[in-house]
>>> print(open('query_4.txt').read())   # compact mmCIF, C-alpha atoms and all ligand atoms
# COMPACT_ATOMS: atom_id res chain seq x y z
CA MET M 1 13.95 -10.83 -45.45
CA THR M 2 10.86 -12.94 -46.17
CA ASP M 3 9.49 -13.38 -49.70
CA HIS M 4 6.37 -11.40 -48.90
CA GLN M 5 8.46 -8.46 -47.62
CA GLN M 6 10.55 -8.51 -50.78
CA GLN M 7 7.40 -8.54 -52.91
CA LEU M 8 6.10 -5.48 -51.08
CA ILE M 9 9.35 -3.60 -51.57
CA ASP M 10 9.39 -4.47 -55.27
CA LYS M 11 5.79 -3.28 -55.64
CA VAL M 12 6.31 0.12 -54.00
CA ALA M 13 9.64 0.71 -55.74
CA SER M 14 8.15 0.06 -59.16
CA ALA M 15 5.00 2.13 -58.45
CA PHE M 16 7.29 4.95 -57.35
CA THR M 17 9.35 4.76 -60.52
CA GLU M 18 6.23 4.63 -62.67
CA MET M 19 4.90 7.80 -61.02
CA THR M 20 8.13 9.83 -60.95
CA GLY M 21 10.39 8.30 -63.60
CA GLN M 22 13.09 7.95 -60.93
CA ALA M 23 14.30 5.52 -58.28
CA PRO M 24 13.20 6.35 -54.70
CA ALA M 25 15.69 7.96 -52.30
CA LYS M 26 14.45 5.90 -49.33
CA LEU M 27 12.57 2.73 -48.49
CA ILE M 28 10.83 2.72 -45.12
CA GLN M 29 8.71 0.20 -43.23
CA ALA M 30 6.42 0.11 -40.20
CA PRO M 31 4.99 -3.17 -38.91
CA GLY M 32 1.51 -4.26 -37.86
CA ARG M 33 1.21 -5.88 -34.46
CA VAL M 34 -0.31 -8.75 -32.59
CA ASN M 35 -1.31 -8.17 -28.99
CA LEU M 36 -0.46 -11.22 -26.86
CA ILE M 37 -2.57 -9.97 -23.93
CA GLY M 38 -3.90 -6.71 -22.46
CA GLU M 39 -6.97 -5.78 -24.48
CA HIS M 40 -8.79 -2.46 -24.11
CA THR M 41 -6.43 -1.61 -21.27
CA ASP M 42 -4.36 1.00 -23.15
CA TYR M 43 -6.91 3.82 -22.96
CA ASN M 44 -7.38 3.00 -19.27
CA ASP M 45 -3.72 3.88 -18.59
CA GLY M 46 -3.04 0.14 -18.17
CA PHE M 47 -0.67 -2.52 -19.47
CA VAL M 48 -0.41 -4.27 -22.84
CA LEU M 49 1.95 -6.94 -24.20
CA PRO M 50 2.11 -6.77 -28.01
CA CYS M 51 4.83 -7.64 -30.51
CA ALA M 52 5.42 -6.15 -33.95
CA ILE M 53 4.95 -8.71 -36.74
CA ASP M 54 6.48 -9.43 -40.12
CA TYR M 55 3.51 -7.92 -41.95
CA GLN M 56 4.08 -4.26 -42.68
CA ALA M 57 3.33 -1.01 -44.44
CA VAL M 58 6.17 -0.10 -46.82
CA VAL M 59 6.94 3.25 -48.44
CA ALA M 60 9.26 4.28 -51.27
CA ALA M 61 9.88 8.03 -51.10
CA SER M 62 11.93 11.00 -52.23
CA PRO M 63 11.86 14.59 -50.97
CA ARG M 64 10.61 17.41 -53.22
CA THR M 65 11.69 21.03 -53.33
CA ASP M 66 8.13 22.39 -53.45
CA SER M 67 5.30 21.93 -50.91
CA ILE M 68 3.44 19.20 -52.83
CA VAL M 69 2.92 15.70 -51.48
CA ARG M 70 2.08 13.22 -54.24
CA VAL M 71 1.14 9.73 -53.07
CA VAL M 72 0.38 6.59 -55.05
CA SER M 73 -1.40 3.77 -53.21
CA VAL M 74 -0.54 0.39 -54.70
CA ASP M 75 -3.29 -1.31 -52.67
CA TYR M 76 -6.00 0.97 -54.06
CA GLY M 77 -5.42 0.37 -57.76
CA ASN M 78 -2.50 2.80 -57.96
CA GLN M 79 -4.75 5.75 -57.11
CA VAL M 80 -2.73 8.97 -56.92
CA ASN M 81 -3.53 11.80 -54.55
CA GLU M 82 -1.77 15.13 -54.55
CA PHE M 83 -2.04 17.93 -51.98
CA ASP M 84 -0.23 21.09 -50.98
CA ILE M 85 1.08 21.08 -47.42
CA SER M 86 1.39 24.87 -47.35
CA GLN M 87 -2.46 24.91 -47.31
CA PRO M 88 -4.66 23.55 -44.48
CA LEU M 89 -5.05 19.77 -44.96
CA VAL M 90 -8.64 18.55 -45.07
CA PHE M 91 -10.39 15.20 -44.61
CA ASP M 92 -11.18 13.47 -47.92
CA GLN M 93 -14.63 11.84 -47.87
CA ASP M 94 -13.90 9.68 -50.93
CA LEU M 95 -10.34 8.43 -50.44
CA MET M 96 -10.25 7.08 -46.89
CA TRP M 97 -6.65 5.80 -47.17
CA VAL M 98 -5.29 9.27 -47.84
CA ASN M 99 -6.68 10.62 -44.55
CA TYR M 100 -4.15 8.62 -42.52
CA ILE M 101 -1.39 10.26 -44.55
CA ARG M 102 -2.83 13.78 -44.44
CA GLY M 103 -3.58 13.33 -40.73
CA VAL M 104 0.01 12.49 -39.80
CA ILE M 105 1.47 15.28 -41.96
CA SER M 106 -1.01 17.74 -40.50
CA VAL M 107 -0.08 16.80 -36.90
CA LEU M 108 3.65 17.03 -37.69
CA LEU M 109 3.15 20.51 -39.16
CA ASN M 110 0.96 21.65 -36.25
CA LYS M 111 3.72 20.59 -33.88
CA GLY M 112 6.08 22.94 -35.67
CA PHE M 113 8.20 20.47 -37.66
CA THR M 114 9.30 22.01 -40.94
CA PHE M 115 9.73 20.15 -44.19
CA SER M 116 8.80 20.43 -47.84
CA GLY M 117 6.87 17.96 -50.00
CA ALA M 118 7.53 14.38 -51.02
CA ASP M 119 6.76 11.79 -53.66
CA ILE M 120 5.55 8.62 -51.96
CA ALA M 121 4.47 5.14 -53.05
CA VAL M 122 2.82 3.08 -50.32
CA SER M 123 1.63 -0.49 -49.92
CA GLY M 124 1.00 -2.89 -47.06
CA ASN M 125 0.34 -6.55 -46.35
CA VAL M 126 -1.12 -6.22 -42.86
CA PRO M 127 -4.62 -7.70 -43.30
CA GLN M 128 -7.08 -4.80 -43.11
CA GLY M 129 -9.89 -4.72 -40.56
CA ALA M 130 -8.54 -7.83 -38.85
CA GLY M 131 -7.29 -6.37 -35.56
CA LEU M 132 -3.62 -6.36 -36.59
CA SER M 133 -3.21 -2.56 -36.81
CA SER M 134 -2.97 -1.88 -40.51
CA SER M 135 -3.99 1.75 -39.82
CA ALA M 136 -1.33 2.30 -37.17
CA ALA M 137 1.31 0.80 -39.50
CA LEU M 138 0.27 3.31 -42.18
CA GLU M 139 0.35 6.25 -39.77
CA VAL M 140 3.72 5.29 -38.37
CA VAL M 141 5.31 4.58 -41.76
CA ILE M 142 4.30 8.07 -42.93
CA GLY M 143 5.70 9.73 -39.81
CA GLN M 144 8.88 7.69 -40.20
CA THR M 145 9.10 8.72 -43.86
CA PHE M 146 9.16 12.45 -43.06
CA LYS M 147 11.50 11.84 -40.13
CA THR M 148 13.89 10.02 -42.48
CA LEU M 149 13.61 12.28 -45.54
CA TYR M 150 14.04 15.50 -43.55
CA GLU M 151 16.07 14.25 -40.58
CA LEU M 152 13.38 15.50 -38.20
CA ASP M 153 14.34 15.47 -34.54
CA VAL M 154 11.42 13.33 -33.42
CA SER M 155 11.66 10.28 -31.14
CA GLN M 156 9.97 6.96 -31.90
CA GLN M 157 7.64 7.60 -28.97
CA GLN M 158 6.67 10.99 -30.41
CA LEU M 159 6.05 9.38 -33.80
CA ALA M 160 3.62 6.99 -32.12
CA LEU M 161 1.85 9.84 -30.33
CA ILE M 162 1.63 11.77 -33.61
CA GLY M 163 0.06 8.72 -35.31
CA GLN M 164 -2.45 8.37 -32.47
CA GLU M 165 -3.32 12.07 -32.61
CA ALA M 166 -3.89 11.79 -36.36
CA GLU M 167 -6.22 8.83 -35.82
CA ASN M 168 -8.09 10.48 -32.91
CA ASN M 169 -8.48 13.96 -34.36
CA PHE M 170 -8.18 13.69 -38.15
CA VAL M 171 -9.55 10.21 -38.93
CA GLY M 172 -11.97 10.19 -35.99
CA CYS M 173 -11.30 6.92 -34.12
CA ASN M 174 -10.69 7.36 -30.41
CA CYS M 175 -8.01 4.63 -30.15
CA GLY M 176 -5.38 4.23 -27.42
CA ILE M 177 -1.60 4.29 -27.89
CA MET M 178 -0.75 0.57 -28.08
CA ASP M 179 -0.80 0.05 -31.84
CA GLN M 180 1.27 3.07 -32.85
CA LEU M 181 3.76 2.56 -30.02
CA ILE M 182 4.54 -1.06 -30.83
CA SER M 183 4.75 -0.24 -34.54
CA ALA M 184 7.26 2.54 -33.79
CA GLU M 185 9.26 0.82 -31.03
CA GLY M 186 8.95 -2.95 -31.57
CA GLU M 187 12.04 -5.13 -31.06
CA ALA M 188 13.08 -8.22 -33.01
CA ASN M 189 12.28 -11.47 -31.16
CA HIS M 190 10.71 -9.59 -28.26
CA ALA M 191 7.28 -8.58 -27.08
CA LEU M 192 7.01 -5.21 -25.32
CA LEU M 193 5.33 -4.78 -21.97
CA ILE M 194 4.01 -1.22 -22.31
CA ASP M 195 2.88 0.90 -19.41
CA CYS M 196 0.32 3.02 -21.24
CA ARG M 197 0.40 5.68 -18.53
CA SER M 198 4.15 6.41 -18.52
CA LEU M 199 4.73 4.96 -22.04
CA GLU M 200 7.68 3.10 -20.55
CA THR M 201 8.40 -0.17 -22.36
CA LYS M 202 10.14 -3.35 -21.22
CA ALA M 203 11.30 -5.83 -23.86
CA VAL M 204 10.41 -9.42 -23.00
CA ALA M 205 12.24 -12.08 -25.04
CA MET M 206 10.01 -14.44 -27.00
CA PRO M 207 11.23 -17.97 -26.18
CA GLU M 208 12.87 -19.55 -29.23
CA ASP M 209 10.73 -22.65 -28.94
CA MET M 210 7.45 -20.73 -28.99
CA ALA M 211 5.55 -20.20 -32.25
CA VAL M 212 3.25 -17.19 -32.67
CA VAL M 213 0.27 -18.20 -34.80
CA ILE M 214 -2.33 -15.66 -35.87
CA ILE M 215 -5.57 -16.90 -37.37
CA ASN M 216 -7.95 -14.49 -39.05
CA SER M 217 -11.58 -15.57 -38.60
CA ASN M 218 -12.31 -13.45 -41.68
CA LYS M 219 -15.44 -12.37 -39.86
CA LYS M 220 -15.51 -8.76 -41.00
CA ARG M 221 -15.51 -6.49 -38.02
CA GLY M 222 -18.81 -4.64 -37.75
CA LEU M 223 -19.76 -1.58 -35.67
CA VAL M 224 -16.15 -1.36 -34.57
CA ASP M 225 -15.88 2.39 -34.13
CA SER M 226 -19.21 2.90 -32.38
CA GLU M 227 -18.80 -0.15 -30.08
CA TYR M 228 -15.17 0.80 -29.38
CA ASN M 229 -16.16 4.32 -28.38
CA THR M 230 -19.02 2.98 -26.23
CA ARG M 231 -16.62 0.68 -24.35
CA ARG M 232 -14.34 3.66 -23.77
CA GLU M 233 -17.18 5.72 -22.37
CA GLN M 234 -18.26 2.84 -20.09
CA CYS M 235 -14.71 2.55 -18.74
CA GLU M 236 -14.60 6.29 -18.10
CA ALA M 237 -17.97 6.09 -16.33
CA ALA M 238 -16.63 3.25 -14.15
CA ALA M 239 -13.51 5.22 -13.21
CA LYS M 240 -15.64 8.23 -12.33
CA GLY M 241 -18.02 6.08 -10.28
CA LEU M 242 -15.08 4.61 -8.39
CA GLY M 243 -13.58 8.06 -7.80
CA VAL M 244 -10.33 7.58 -9.76
CA SER M 245 -8.94 9.21 -12.88
CA SER M 246 -8.60 5.87 -14.70
CA LEU M 247 -9.25 2.16 -14.10
CA ARG M 248 -5.49 1.63 -13.82
CA ASP M 249 -5.82 2.94 -10.28
CA VAL M 250 -8.33 0.30 -9.18
CA SER M 251 -7.03 -2.92 -7.61
CA GLU M 252 -9.05 -6.12 -7.71
CA ALA M 253 -9.66 -5.82 -3.94
CA MET M 254 -10.84 -2.22 -4.22
CA PHE M 255 -13.14 -3.22 -7.08
CA ALA M 256 -14.66 -6.10 -5.09
CA GLU M 257 -15.50 -3.68 -2.28
CA ASN M 258 -17.00 -0.93 -4.43
CA SER M 259 -18.41 -2.48 -7.60
CA ALA M 260 -21.98 -2.73 -6.26
CA SER M 261 -22.30 1.05 -6.61
CA LEU M 262 -21.85 0.83 -10.39
CA ASP M 263 -24.38 0.15 -13.11
CA PRO M 264 -24.13 -3.64 -13.73
CA ILE M 265 -22.96 -3.33 -17.38
CA VAL M 266 -20.41 -0.66 -16.46
CA ALA M 267 -19.20 -2.91 -13.61
CA LYS M 268 -18.65 -5.82 -16.03
CA ARG M 269 -16.62 -3.61 -18.37
CA ALA M 270 -14.53 -2.38 -15.45
CA ARG M 271 -13.97 -5.93 -14.16
CA HIS M 272 -12.52 -6.90 -17.54
CA VAL M 273 -10.06 -4.00 -17.54
CA ILE M 274 -8.99 -4.43 -13.91
CA THR M 275 -8.46 -8.20 -14.18
CA GLU M 276 -6.85 -7.86 -17.64
CA ASN M 277 -4.24 -5.47 -16.26
CA ALA M 278 -3.30 -8.02 -13.60
CA ARG M 279 -3.22 -10.83 -16.18
CA THR M 280 -0.99 -8.79 -18.48
CA LEU M 281 1.61 -8.21 -15.79
CA ALA M 282 1.48 -11.90 -14.84
CA ALA M 283 1.74 -12.94 -18.51
CA SER M 284 4.84 -10.85 -19.04
CA GLU M 285 6.50 -12.69 -16.13
CA ALA M 286 5.31 -16.05 -17.49
CA LEU M 287 6.67 -15.22 -20.95
CA LYS M 288 10.02 -14.23 -19.46
CA ALA M 289 10.13 -17.56 -17.59
CA ASN M 290 8.87 -19.50 -20.63
CA ASP M 291 6.06 -20.82 -18.40
CA MET M 292 3.59 -21.99 -21.01
CA ALA M 293 1.22 -23.59 -18.51
CA LYS M 294 0.75 -20.23 -16.81
CA LEU M 295 0.40 -18.35 -20.11
CA SER M 296 -2.18 -20.87 -21.22
CA VAL M 297 -4.39 -20.14 -18.21
CA LEU M 298 -3.95 -16.37 -18.45
CA MET M 299 -4.83 -16.29 -22.15
CA GLU M 300 -7.87 -18.49 -21.55
CA GLN M 301 -9.05 -16.16 -18.77
CA SER M 302 -8.41 -13.15 -20.97
CA HIS M 303 -10.56 -14.58 -23.73
CA ALA M 304 -13.38 -15.46 -21.32
CA SER M 305 -13.25 -11.95 -19.87
CA MET M 306 -13.47 -10.36 -23.35
CA ARG M 307 -16.38 -12.68 -24.20
CA ASP M 308 -18.39 -12.45 -20.97
CA ASP M 309 -17.51 -9.12 -19.34
CA PHE M 310 -16.35 -6.82 -22.13
CA GLU M 311 -18.59 -8.54 -24.71
CA ILE M 312 -16.37 -7.90 -27.73
CA THR M 313 -16.03 -11.40 -29.17
CA VAL M 314 -18.32 -12.94 -31.79
CA PRO M 315 -19.38 -16.63 -32.18
CA GLU M 316 -16.97 -17.19 -35.11
CA VAL M 317 -13.99 -16.03 -33.03
CA ASP M 318 -15.11 -18.02 -29.97
CA GLY M 319 -15.46 -21.12 -32.20
CA LEU M 320 -11.98 -20.64 -33.61
CA VAL M 321 -10.49 -20.30 -30.13
CA ASP M 322 -12.23 -23.54 -29.07
CA ILE M 323 -10.90 -25.46 -32.09
CA VAL M 324 -7.32 -24.36 -31.34
CA LYS M 325 -7.70 -24.97 -27.61
CA GLN M 326 -8.74 -28.57 -28.22
CA VAL M 327 -5.40 -29.19 -29.96
CA ILE M 328 -2.99 -27.24 -27.75
CA GLY M 329 -4.55 -27.84 -24.30
CA ALA M 330 -2.25 -26.51 -21.56
CA GLU M 331 0.77 -26.72 -23.88
CA GLY M 332 -0.21 -23.43 -25.52
CA GLY M 333 -2.32 -20.32 -25.07
CA VAL M 334 -5.02 -18.86 -27.32
CA ARG M 335 -7.27 -15.80 -27.25
CA MET M 336 -8.87 -13.19 -29.45
CA THR M 337 -6.48 -10.32 -30.23
CA GLY M 338 -7.19 -6.67 -31.04
CA GLY M 339 -10.22 -4.45 -30.69
CA GLY M 340 -12.79 -7.23 -31.23
CA PHE M 341 -16.14 -7.75 -33.01
CA GLY M 342 -14.47 -10.14 -35.49
CA GLY M 343 -10.89 -10.28 -36.69
CA CYS M 344 -8.06 -12.47 -35.43
CA ILE M 345 -7.05 -14.82 -32.66
CA VAL M 346 -3.47 -15.30 -31.45
CA ALA M 347 -2.04 -18.59 -30.24
CA LEU M 348 1.33 -19.32 -28.63
CA MET M 349 2.54 -22.90 -28.78
CA PRO M 350 5.55 -25.19 -29.23
CA PRO M 351 6.41 -25.29 -32.97
CA ALA M 352 5.63 -29.05 -33.03
CA LEU M 353 1.93 -28.27 -32.51
CA VAL M 354 1.58 -25.80 -35.40
CA ASP M 355 0.76 -28.36 -38.10
CA GLY M 356 -1.89 -30.04 -35.94
CA VAL M 357 -3.50 -26.68 -35.21
CA CYS M 358 -3.57 -25.74 -38.89
CA GLN M 359 -5.12 -29.09 -39.81
CA ALA M 360 -7.79 -28.88 -37.11
CA VAL M 361 -8.73 -25.35 -38.15
CA GLU M 362 -8.84 -26.33 -41.83
CA GLN M 363 -11.08 -29.30 -41.05
CA LYS M 364 -13.47 -27.67 -38.60
CA TYR M 365 -13.70 -23.89 -38.90
CA GLN M 366 -15.42 -23.56 -42.26
CA ALA M 367 -17.85 -26.35 -41.41
CA LEU M 368 -18.72 -24.53 -38.19
CA THR M 369 -19.07 -20.99 -39.53
CA GLY M 370 -19.20 -21.05 -43.33
CA LEU M 371 -16.08 -18.82 -43.34
CA LYS M 372 -12.57 -19.71 -44.49
CA GLU M 373 -9.77 -18.74 -42.13
CA SER M 374 -6.33 -17.28 -43.01
CA ILE M 375 -3.33 -18.43 -41.00
CA TYR M 376 -0.12 -16.47 -40.39
CA VAL M 377 2.85 -17.90 -38.51
CA CYS M 378 4.68 -14.77 -37.37
CA LYS M 379 7.95 -13.56 -35.93
CA ALA M 380 8.43 -10.60 -33.58
CA MET M 381 10.01 -7.85 -35.66
CA PRO M 382 11.71 -4.51 -35.10
CA GLY M 383 9.61 -1.35 -35.21
CA ALA M 384 9.56 1.29 -37.92
CA GLY M 385 12.71 2.33 -39.75
CA ALA M 386 14.55 2.60 -43.02
CA ILE M 387 14.95 -0.70 -44.91
C1 LIG I 401 -7.55 -1.14 -31.11
C2 LIG I 401 -7.04 0.21 -30.62
F1 LIG I 401 -6.51 0.93 -31.66
C3 LIG I 401 -5.99 0.05 -29.51
O1 LIG I 401 -5.64 1.31 -29.01
C4 LIG I 401 -6.51 -0.87 -28.39
O2 LIG I 401 -7.43 -0.19 -27.58
C5 LIG I 401 -7.10 -2.15 -28.99
O3 LIG I 401 -8.06 -1.88 -30.00
C6 LIG I 401 -7.77 -3.00 -27.93
O4 LIG I 401 -6.84 -3.49 -27.03
O5 LIG I 401 -6.53 -1.83 -31.75
>>> encode(input="query_4.txt", output="structure tokens")
Amino acid sequence: MTDHQQQLIDKVASAFTEMTGQAPAKLIQAPGRVNLIGEHTDYNDGFVLPCAIDYQAVVAASPRTDSIVRVVSVDYGNQVNEFDISQPLVFDQDLMWVNYIRGVISVLLNKGFTFSGADIAVSGNVPQGAGLSSSAALEVVIGQTFKTLYELDVSQQQLALIGQEAENNFVGCNCGIMDQLISAEGEANHALLIDCRSLETKAVAMPEDMAVVIINSNKKRGLVDSEYNTRREQCEAAAKGLGVSSLRDVSEAMFAENSASLDPIVAKRARHVITENARTLAASEALKANDMAKLSVLMEQSHASMRDDFEITVPEVDGLVDIVKQVIGAEGGVRMTGGGFGGCIVALMPPALVDGVCQAVEQKYQALTGLKESIYVCKAMPGAGAI
């Protein structure tokens, strides 16, 4: 266990004891994620290649005999929120964090799972608003908490779908399934190639001599929800224009033949998704074969496609990618990761290059953008479960 994980556990355990006067019955975690490649492909029934990371949401919890859920959020100044799950659960305009919790409980109840209340302390160290899925980690850790406390017969895949439904219908963001699925089903030292149509996953071993470096541009993501939903609509318009149910069903050859019939912006969005699906499948093979030269090219193409066709990068993120690229060349791969409009980049490289990358970023990024980066060297971790 890393020091930062231990600190999180200590924090939630002591907040729990402060609120209830007792030790928690269970400690549960769900990780954030970094997506190695396959961006904005999940809601197009396509492919993604994320791994769960050693930054997590952690819960300390005990069951209650009544129908009250009492939650203390360590990250929001130990705010406490209490609600009765025998009554309809409603969106709270003032306490945004509690909506992820109410949303998941509400979906579980609507699906017919039965349980009584709980005392819960929650905290997380997944950077928020950075494209590393802090929201999905929170949704999944809450689902996992009720599964664990009440021995609910719910699979990890269902937990992910429940988290997504909570986010789509209770919180109001029309996200795909990638983030919740990797948080629920991640595997230690592996990335998962996820087929977002069948939800089938294939574990791909992360080579031992490959470091995963995440760098947060600390460019706060703006307009994320509205731009995200617009991209989704453009993809749906492209699929409709091409006569298929989703862009997953369009090959590069078919696209080349038919793209002229689409609105030019819609065609660019579709080209990103169609080429990104192909790159993701190729990248999973390259990762399996530890073929860094190939990964390097695929990640570079992915970034260019997000910048030029999907138009979801920002100058700060492009600048950060360039700084890292100058150091790693073809010996590593680098691209923006996550939904876009700010947030993080991910770089894969031999461990010997990590120090040089950190130095270059420290020397150049702030001078270029006026922002100070945060760097995380990560490991691929298991998905949600009891600690
Ligand atoms: C966000 C969404 F939540 C995911 O579903 C996915 O679409 C991602 O953006 C882009 O790849 O994280």
>>> closest_residue(input="query_4.txt", among="M:Thr280, M:Gln157, M:Ser259, M:Ser133", to="Ser198 of chain M", atoms="all atoms listed in the file")
M:Gln157
>>> closest_atom_pairs(input="query_4.txt", of="chain M", to="ligand LIG 401 (chain I)", cutoff="7 Å", atoms="all atoms listed in the file", output="JSON lines")
{"residue": "M:Gly38", "atom": "CA", "partner": "I:LIG401", "partner_atom": "O4", "distance": 6.3}
{"residue": "M:Glu39", "atom": "CA", "partner": "I:LIG401", "partner_atom": "O4", "distance": 3.4}
{"residue": "M:His40", "atom": "CA", "partner": "I:LIG401", "partner_atom": "O4", "distance": 3.7}
{"residue": "M:Thr41", "atom": "CA", "partner": "I:LIG401", "partner_atom": "O4", "distance": 6.1}
{"residue": "M:Asp42", "atom": "CA", "partner": "I:LIG401", "partner_atom": "O2", "distance": 5.5}
{"residue": "M:Tyr43", "atom": "CA", "partner": "I:LIG401", "partner_atom": "O2", "distance": 6.1}
{"residue": "M:Gly131", "atom": "CA", "partner": "I:LIG401", "partner_atom": "O5", "distance": 6.0}
{"residue": "M:Ser133", "atom": "CA", "partner": "I:LIG401", "partner_atom": "O5", "distance": 6.1}
{"residue": "M:Cys175", "atom": "CA", "partner": "I:LIG401", "partner_atom": "O1", "distance": 4.2}
{"residue": "M:Gly176", "atom": "CA", "partner": "I:LIG401", "partner_atom": "O1", "distance": 3.3}
{"residue": "M:Ile177", "atom": "CA", "partner": "I:LIG401", "partner_atom": "O1", "distance": 5.1}
{"residue": "M:Met178", "atom": "CA", "partner": "I:LIG401", "partner_atom": "O1", "distance": 5.0}
{"residue": "M:Asp179", "atom": "CA", "partner": "I:LIG401", "partner_atom": "C3", "distance": 5.7}
{"residue": "M:Gly338", "atom": "CA", "partner": "I:LIG401", "partner_atom": "C6", "distance": 4.8}
{"residue": "M:Gly339", "atom": "CA", "partner": "I:LIG401", "partner_atom": "O3", "distance": 3.4}
>>> residues_around(input="query_4.txt", residues="Lys288 of chain M", least_positions_apart="5", cutoff="9 Å", atoms="all atoms listed in the file", output="NGL selection string")
:M and (204-207 or 283)
>>> residues_around(input="query_4.txt", residues="Asp54 of chain M", least_positions_apart="4", cutoff="7 Å", atoms="only C-alpha atoms", output="list in words")
Pro31, Cys378, Lys379, Ala380 and Met381 of chain M
>>> closest_residue(input="query_4.txt", among="M:Asn169, M:Ser374, M:Thr275, M:Asn81", to="Met299 of chain M", atoms="all atoms listed in the file")
M:Thr275
>>> residues_around(input="query_4.txt", residues="Leu8 of chain M", least_positions_apart="2", cutoff="9 Å", atoms="only C-alpha atoms", output="list in words")
Asp3, His4, Gln5, Gln6, Asp10, Lys11, Val12, Ala13, Gln56, Ala57, Val58, Ser123, Gly124 and Asn125 of chain M
>>> residues_around(input="query_4.txt", residues="Lys325 of chain M", least_positions_apart="6", cutoff="10 Å", atoms="all atoms listed in the file", output="compact mmCIF listing (two decimals) with C-alpha atoms, keeping the file's coordinate frame")
# COMPACT_ATOMS: atom_id res chain seq x y z
CA SER M 296 -2.18 -20.87 -21.22
CA GLU M 300 -7.87 -18.49 -21.55
CA GLY M 319 -15.46 -21.12 -32.20
CA GLU M 331 0.77 -26.72 -23.88
CA GLY M 332 -0.21 -23.43 -25.52
CA GLY M 333 -2.32 -20.32 -25.07
CA VAL M 334 -5.02 -18.86 -27.32
CA ARG M 335 -7.27 -15.80 -27.25
CA ALA M 347 -2.04 -18.59 -30.24
CA VAL M 357 -3.50 -26.68 -35.21
>>> atom_distance(input="query_4.txt", atom1="atom CA of Ile345 of chain M", atom2="atom CA of Gln359 of chain M")
16.1 Å
>>> residues_around(input="query_4.txt", residues="segment 66-68 of chain M", least_positions_apart="4", cutoff="7 Å", atoms="only C-alpha atoms", output="number ranges by chain")
M: 82-86, 116-118
>>> atom_distance(input="query_4.txt", atom1="atom CA of Thr65 of chain M", atom2="atom CA of Ala386 of chain M")
21.3 Å
>>> closest_residue(input="query_4.txt", among="M:Val80, M:Ala267, M:Val213, M:Ile312", to="Val346 of chain M", atoms="all atoms listed in the file")
M:Val213
>>> atom_distance(input="query_4.txt", atom1="atom CA of Ala136 of chain M", atom2="atom CA of Glu311 of chain M")
23.9 Å
>>> closest_residue(input="query_4.txt", among="M:Val250, M:Ala330, M:Val154, M:Leu138", to="Glu167 of chain M", atoms="all atoms listed in the file")
M:Leu138
>>> residues_near_point(input="query_4.txt", point="(-13.9, -12.5, -38.8)", cutoff="10 Å", atoms="all atoms listed in the file", output="ChimeraX atom specification")
/M:129-131,215-222,313-317,320,340-345,369,371-374
>>> axis_aligned_box(input="query_4.txt", around="segment 309-317 of chain M", padding_each_side="3 Å", output="AutoDock Vina command-line options")
--center_x -16.7 --center_y -12.0 --center_z -27.2 --size_x 11.4 --size_y 16.4 --size_z 21.8
>>> closest_residue(input="query_4.txt", among="M:Leu89, M:Val72, M:Cys51, M:Ala352", to="Asn189 of chain M", atoms="all atoms listed in the file")
M:Cys51
>>> closest_residue(input="query_4.txt", among="M:Leu348, M:Val377, M:Ile323, M:Leu36", to="Lys364 of chain M", atoms="all atoms listed in the file")
M:Ile323
>>> decode(input="query_4.txt", residues="segment 42-69 of chain M", atoms="C-alpha atoms", output="short mmCIF file (atom, residue, chain, number, x, y, z; two decimals), in the first residue's frame")
data_model
loop_
_atom_site.label_atom_id
_atom_site.label_comp_id
_atom_site.auth_asym_id
_atom_site.auth_seq_id
_atom_site.Cartn_x
_atom_site.Cartn_y
_atom_site.Cartn_z
CA ASP M 42 -17.16 4.51 -25.65
CA TYR M 43 -20.51 6.14 -26.40
CA ASN M 44 -20.05 5.16 -30.05
CA ASP M 45 -20.06 1.46 -29.08
CA GLY M 46 -16.30 1.41 -29.76
CA PHE M 47 -13.07 0.38 -28.05
CA VAL M 48 -11.12 1.90 -25.16
CA LEU M 49 -7.88 0.91 -23.40
CA PRO M 50 -7.79 2.34 -19.86
CA CYS M 51 -6.15 1.15 -16.65
CA ALA M 52 -7.25 1.80 -13.08
CA ILE M 53 -4.73 3.89 -11.13
CA ASP M 54 -3.47 4.10 -7.57
CA TYR M 55 -5.54 7.21 -6.87
CA GLN M 56 -8.91 6.30 -5.42
CA ALA M 57 -12.13 7.07 -3.64
CA VAL M 58 -12.19 5.38 -0.21
CA VAL M 59 -15.16 4.73 2.07
CA ALA M 60 -15.44 3.67 5.71
CA ALA M 61 -18.93 2.32 6.37
CA SER M 62 -21.25 0.40 8.67
CA PRO M 63 -24.82 -0.77 8.05
CA ARG M 64 -27.72 0.74 10.01
CA THR M 65 -30.96 -0.88 11.10
CA ASP M 66 -33.13 2.07 10.00
CA SER M 67 -33.51 3.60 6.50
CA ILE M 68 -31.20 6.58 7.08
CA VAL M 69 -28.01 7.15 5.12
#
